[in-house]
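Asker: Quick one: the structure is below, and I'll ask about it shortly.
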Amino acid sequence: MPDGHLNRHLHALAEEAIVTTQRRTGGGRPQTMVQITKDGRARFIAYIDALEGLVRDVQRSMRESESPMRTMP
(Lines give C-alpha, C1' and ligand atoms only; values in the text may rest on other atoms or scores of the structure.)
Protein backbone atom coordinates (compact mmCIF):
# COMPACT_ATOMS: atom_id res chain seq x y z
CA MET A 1 0.00 0.00 0.00
CA PRO A 2 1.44 3.38 -0.90
CA ASP A 3 2.36 5.68 1.99
CA GLY A 4 -0.43 8.11 1.11
CA HIS A 5 -3.11 5.41 1.29
CA LEU A 6 -1.79 4.10 4.60
CA ASN A 7 -1.67 7.64 5.97
CA ARG A 8 -5.31 8.22 4.98
CA HIS A 9 -6.42 4.98 6.67
CA LEU A 10 -4.52 5.83 9.85
CA HIS A 11 -5.98 9.34 9.82
CA ALA A 12 -9.52 7.92 9.55
CA LEU A 13 -8.85 5.53 12.45
CA ALA A 14 -7.44 8.39 14.53
CA GLU A 15 -10.51 10.54 13.78
CA GLU A 16 -12.67 7.77 15.29
CA ALA A 17 -10.34 7.48 18.34
CA ILE A 18 -9.49 3.90 17.41
CA VAL A 19 -5.76 4.64 17.30
CA THR A 20 -3.46 7.43 18.39
CA THR A 21 -0.54 8.54 16.25
CA GLN A 22 2.67 10.30 17.15
CA ARG A 23 5.11 11.58 14.55
CA ARG A 24 8.81 11.44 15.43
CA THR A 25 11.56 13.20 13.54
CA GLY A 26 15.30 13.44 13.85
CA GLY A 27 18.09 11.01 13.12
CA GLY A 28 16.97 10.17 9.61
CA ARG A 29 13.58 9.45 8.16
CA PRO A 30 10.48 10.58 10.11
CA GLN A 31 8.54 7.82 11.85
CA THR A 32 4.88 7.60 12.77
CA MET A 33 4.13 5.60 15.91
CA VAL A 34 0.62 4.13 16.05
CA GLN A 35 -1.07 2.72 19.15
CA ILE A 36 -4.53 1.24 19.48
CA THR A 37 -6.73 2.91 22.09
CA LYS A 38 -8.70 1.15 24.81
CA ASP A 39 -11.92 1.92 22.90
CA GLY A 40 -10.30 0.84 19.64
CA ARG A 41 -9.33 -2.52 21.15
CA ALA A 42 -12.89 -3.05 22.45
CA ARG A 43 -14.33 -2.19 19.04
CA PHE A 44 -11.87 -4.54 17.32
CA ILE A 45 -12.80 -7.40 19.67
CA ALA A 46 -16.52 -6.73 19.00
CA TYR A 47 -15.79 -6.83 15.26
CA ILE A 48 -13.98 -10.16 15.57
CA ASP A 49 -16.84 -11.55 17.68
CA ALA A 50 -19.31 -10.51 14.96
CA LEU A 51 -17.19 -12.19 12.26
CA GLU A 52 -16.93 -15.38 14.32
CA GLY A 53 -20.71 -15.35 14.78
CA LEU A 54 -21.16 -15.01 11.04
CA VAL A 55 -18.84 -17.95 10.38
CA ARG A 56 -20.72 -20.08 12.94
CA ASP A 57 -24.06 -19.16 11.32
CA VAL A 58 -22.79 -20.12 7.86
CA GLN A 59 -21.35 -23.40 9.13
CA ARG A 60 -24.61 -24.23 10.93
CA SER A 61 -26.63 -23.37 7.82
CA MET A 62 -24.40 -25.57 5.67
CA ARG A 63 -24.74 -28.53 8.07
CA GLU A 64 -28.53 -28.14 8.18
CA SER A 65 -28.83 -27.99 4.39
CA GLU A 66 -26.80 -31.15 3.76
CA SER A 67 -28.99 -34.10 2.86
CA PRO A 68 -28.50 -37.21 5.00
CA MET A 69 -28.85 -39.25 1.77
CA ARG A 70 -26.00 -37.42 0.06
CA THR A 71 -23.58 -39.79 -1.65
CA MET A 72 -20.13 -39.32 -3.01
CA PRO A 73 -19.74 -39.60 -6.82
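Each chain of the C-alpha coordinates is named A, B, ... in the order shown, its residues numbered from 1; ligands are numbered from 1 in display order.
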Could you list, as a ChimeraX atom specification, every residue within 9 Å of Gln22 in chain A, counting only C-alpha atoms and ignoring same-chain residues fewer than 4 positions away?
Answerer: /A:31-35
Asker: Using DSSP on the backbone coordinates, identify all residues within chain A classified as alpha helix (DSSP H); present the result as a PyMOL selection string.
Answerer: chain A and resi 3-15+38-65
Asker: Do you know which residues are at most 9 Å from range 4-14 of chain A counting only C-alpha atoms, after dropping those on the same chain fewer than 6 positions away, and could you put them as a PyMOL selection string?
Answerer: chain A and resi 20-21+34+40
Asker: Hey, can you spit out that residue selection with N, CA and C atoms as a PDB file, in the first residue's frame?
Answerer:
ATOM      1  N   THR A  20      -4.127   6.141  18.221  1.00  0.00           N
ATOM      2  CA  THR A  20      -3.455   7.425  18.386  1.00  0.00           C
ATOM      3  C   THR A  20      -2.178   7.364  17.561  1.00  0.00           C
ATOM      4  N   THR A  21      -1.772   8.496  17.030  1.00  0.00           N
ATOM      5  CA  THR A  21      -0.540   8.538  16.250  1.00  0.00           C
ATOM      6  C   THR A  21       0.374   9.602  16.823  1.00  0.00           C
ATOM      7  N   VAL A  34       2.068   4.328  15.974  1.00  0.00           N
ATOM      8  CA  VAL A  34       0.621   4.134  16.048  1.00  0.00           C
ATOM      9  C   VAL A  34       0.322   3.193  17.199  1.00  0.00           C
ATOM     10  N   GLY A  40     -10.610   1.492  20.910  1.00  0.00           N
ATOM     11  CA  GLY A  40     -10.297   0.837  19.641  1.00  0.00           C
ATOM     12  C   GLY A  40     -10.148  -0.661  19.810  1.00  0.00           C
TER      13      GLY A  40
END
Asker: So which one's closest to Thr37 in chain A, A:Pro2, A:Glu66, A:Asp49, A:Val19? Using only C-alpha atoms, please.
Answerer: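 The answer is A:Val19, which sits nearest to Thr37 in chain A.
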Asker: Any idea what the distance is between CA of Arg41 in chain A and CA of Val58 in chain A?
Answerer: 25.8 Å
Asker: In Å, rounded to a single decimal, give me how far CA of Asp39 in chain A is from CA of Ile18 in chain A.
Answerer: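 Atom-to-atom, CA of Ile18 in chain A and CA of Asp39 in chain A are spaced 6.3 Å apart.
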Asker: One decimal, Å: what's the distance from CA of Tyr47 in chain A over to CA of Glu16 in chain A, could you say?
Answerer: 14.9 Å
